[in-house]
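Some notes on the structure that comes next.
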Amino acid sequence: MEFTRRDTLALGLGAAALTVLPFRVAASADDKIAEFTGGADMKSEGITLTAPEIAENGNTVPITVDAPGAASIMVLATGNPTPGVATFNFGALAGSQSATTRIRLAGTQDVVAIAKFEDGSFARAASTVKVTIGGCGG
Amino acid sequence: MASGVRPRVKVPKSASAGETITLKTLISHPMESGQRKDSSGNVIPRSIINRFTCEFNGQMVVDVTMEPAISTNPYFEFDATVPEAGEFKFTWYDDDGDVYEDTKAIAIG
């Protein structure tokens, strides 16, 4: 089969689009972060995210977030079809700014937690979780 | 939808005033993510619980916004301060408009 100049150009464009696509998915997680923080800088101290290193079943991955003094904590799964997981807003009677839940992960990826403090500052923690069986029924 | 949705909550029977206690909640719910397909290839529509709140005597303890990445049978564990005797109220809000509630009283002692 012969390649015309036009075909070659189209192939090149297609290949370029393919390499860009995964970044688009990651960008939507970045959008969520920007929406939550308003673009503010994030510290790396003051928040702990506990997640398993290896999760055999992506359908229920136990995670714990803990950020003393936080007003709210947002959890994101950067590799999921929809990156949002949950946002915890702590009220006046919260005994501690920590919570445990179980989440779904589509595959091996970074789980990110961002805490918003009363004084308007933010802190970020991330943890890579290896997933053996994905949890999105795909 | 959501037949057989049953909330289960674990709260100590009593606590001393000002003590911090751990609460555990679980509600049976399929949490259909909207990503799965049935055997004929049609997408199964999303049907999840999108919000969970816990209040004590009308004061907020925690308010959680939930997205499809929360597992089937959503489980939450968190801490609350108990200033006086009263009642914990747990509320789950379903996508279809249903609201599931549970209350647990706690005594000071």
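FYI, nothing fancy with the structure tokens labels: chains A, B, ... in order, residues from 1 per chain, ligands from 1 as they appear.
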Find the residues near Thr91 (chain B): any atom within 9 Å, counting only C-alpha atoms, skip ones fewer than 4 places away on the same chain, and give them as a PDB file with N, CA, C and O atoms, in the first residue's frame.
```pdb
ATOM      1  N   ARG B  51     -25.190  12.220  49.100  1.00  0.00           N
ATOM      2  CA  ARG B  51     -24.829  13.040  50.253  1.00  0.00           C
ATOM      3  C   ARG B  51     -25.158  12.290  51.537  1.00  0.00           C
ATOM      4  O   ARG B  51     -26.166  11.588  51.616  1.00  0.00           O
ATOM      5  N   PHE B  52     -24.290  12.440  52.525  1.00  0.00           N
ATOM      6  CA  PHE B  52     -24.515  11.838  53.829  1.00  0.00           C
ATOM      7  C   PHE B  52     -24.224  12.890  54.886  1.00  0.00           C
ATOM      8  O   PHE B  52     -23.225  13.599  54.792  1.00  0.00           O
ATOM      9  N   THR B  53     -25.117  13.026  55.860  1.00  0.00           N
ATOM     10  CA  THR B  53     -24.855  13.978  56.938  1.00  0.00           C
ATOM     11  C   THR B  53     -25.076  13.304  58.282  1.00  0.00           C
ATOM     12  O   THR B  53     -25.871  12.372  58.400  1.00  0.00           O
ATOM     13  N   CYS B  54     -24.358  13.806  59.281  1.00  0.00           N
ATOM     14  CA  CYS B  54     -24.565  13.370  60.649  1.00  0.00           C
ATOM     15  C   CYS B  54     -24.681  14.619  61.518  1.00  0.00           C
ATOM     16  O   CYS B  54     -23.828  15.499  61.452  1.00  0.00           O
ATOM     17  N   GLU B  55     -25.753  14.686  62.297  1.00  0.00           N
ATOM     18  CA  GLU B  55     -25.974  15.819  63.191  1.00  0.00           C
ATOM     19  C   GLU B  55     -26.161  15.317  64.605  1.00  0.00           C
ATOM     20  O   GLU B  55     -26.648  14.211  64.819  1.00  0.00           O
ATOM     21  N   VAL B  99     -34.832   9.828  50.870  1.00  0.00           N
ATOM     22  CA  VAL B  99     -33.982  10.202  51.996  1.00  0.00           C
ATOM     23  C   VAL B  99     -34.099   9.090  53.027  1.00  0.00           C
ATOM     24  O   VAL B  99     -35.201   8.684  53.388  1.00  0.00           O
ATOM     25  N   TYR B 100     -32.973   8.545  53.446  1.00  0.00           N
ATOM     26  CA  TYR B 100     -32.979   7.498  54.449  1.00  0.00           C
ATOM     27  C   TYR B 100     -32.463   8.096  55.745  1.00  0.00           C
ATOM     28  O   TYR B 100     -31.457   8.814  55.740  1.00  0.00           O
ATOM     29  N   GLU B 101     -33.147   7.791  56.843  1.00  0.00           N
ATOM     30  CA  GLU B 101     -32.756   8.388  58.120  1.00  0.00           C
ATOM     31  C   GLU B 101     -32.599   7.322  59.191  1.00  0.00           C
ATOM     32  O   GLU B 101     -33.261   6.292  59.154  1.00  0.00           O
ATOM     33  N   ASP B 102     -31.722   7.621  60.133  1.00  0.00           N
ATOM     34  CA  ASP B 102     -31.596   6.774  61.312  1.00  0.00           C
ATOM     35  C   ASP B 102     -31.215   7.690  62.456  1.00  0.00           C
ATOM     36  O   ASP B 102     -30.538   8.696  62.269  1.00  0.00           O
ATOM     37  N   THR B 103     -31.681   7.355  63.664  1.00  0.00           N
ATOM     38  CA  THR B 103     -31.317   8.150  64.831  1.00  0.00           C
ATOM     39  C   THR B 103     -30.819   7.205  65.919  1.00  0.00           C
ATOM     40  O   THR B 103     -31.263   6.062  66.022  1.00  0.00           O
TER      41      THR B 103
END
```
DSSP helix (DSSP H, G or I) selection over chain A, as number ranges by chain: A: 5-37
Spatial neighbours of region 58-72 of chain A, max dist 7 Å, only C-alpha atoms, sep filter under 6 positions, as a PyMOL selection string: (chain A and resi 46-51+87-90+96-107+115-118+131+133-135) or (chain B and resi 71)
Contact residues (chain B, partner chain A, 10 Å, only C-alpha atoms) as JSON, numbers by chain: {"B": [18, 19, 20, 21, 22, 23, 24, 25, 26, 32, 33, 34, 35, 36, 37, 38, 50, 51, 52, 53, 54, 55, 56, 59, 60, 61, 62, 63, 64, 65, 66, 67, 68, 69, 70, 71, 72, 73, 74, 75, 76, 77, 78, 79, 80, 81, 82, 83]}
Å distance separating CA of Ile44 (chain B) from CA of Ser28 (chain A), one decimal place: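 Pair CA of Ile44 (chain B) / CA of Ser28 (chain A) returns 23.2 Å.
Separating CA of Thr128 (chain A) from CA of Lys43 (chain A) is a distance of 18.6 Å.
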Two-atom distance - CA of Ala29 (chain A), CA of Gly79 (chain A) (Å): 8.6 Å
Selection near Asn57 (chain B), 7 Å with only C-alpha atoms, sequence-local residues under 3 positions removed, as a list in words: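 Contacts, with the query itself left out: Gly86, Glu87 and Phe88 of chain B.
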Residues from last step as file, C-alpha atoms, as a PDB file, in the first residue's frame:
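Below is the file part.pdb, written as the result:
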```pdb
ATOM      1  CA  GLY B  86     -28.949  13.746  73.061  1.00  0.00           C
ATOM      2  CA  GLU B  87     -29.533  12.152  69.741  1.00  0.00           C
ATOM      3  CA  PHE B  88     -27.423  11.542  66.661  1.00  0.00           C
TER       4      PHE B  88
END
```
Residue list (strand (DSSP E or B), DSSP) for chain B, as a ChimeraX atom specification: /B:7-10,14-15,19-27,32,37,43,47,49-56,59-66,70,75-82,86-94,99-108
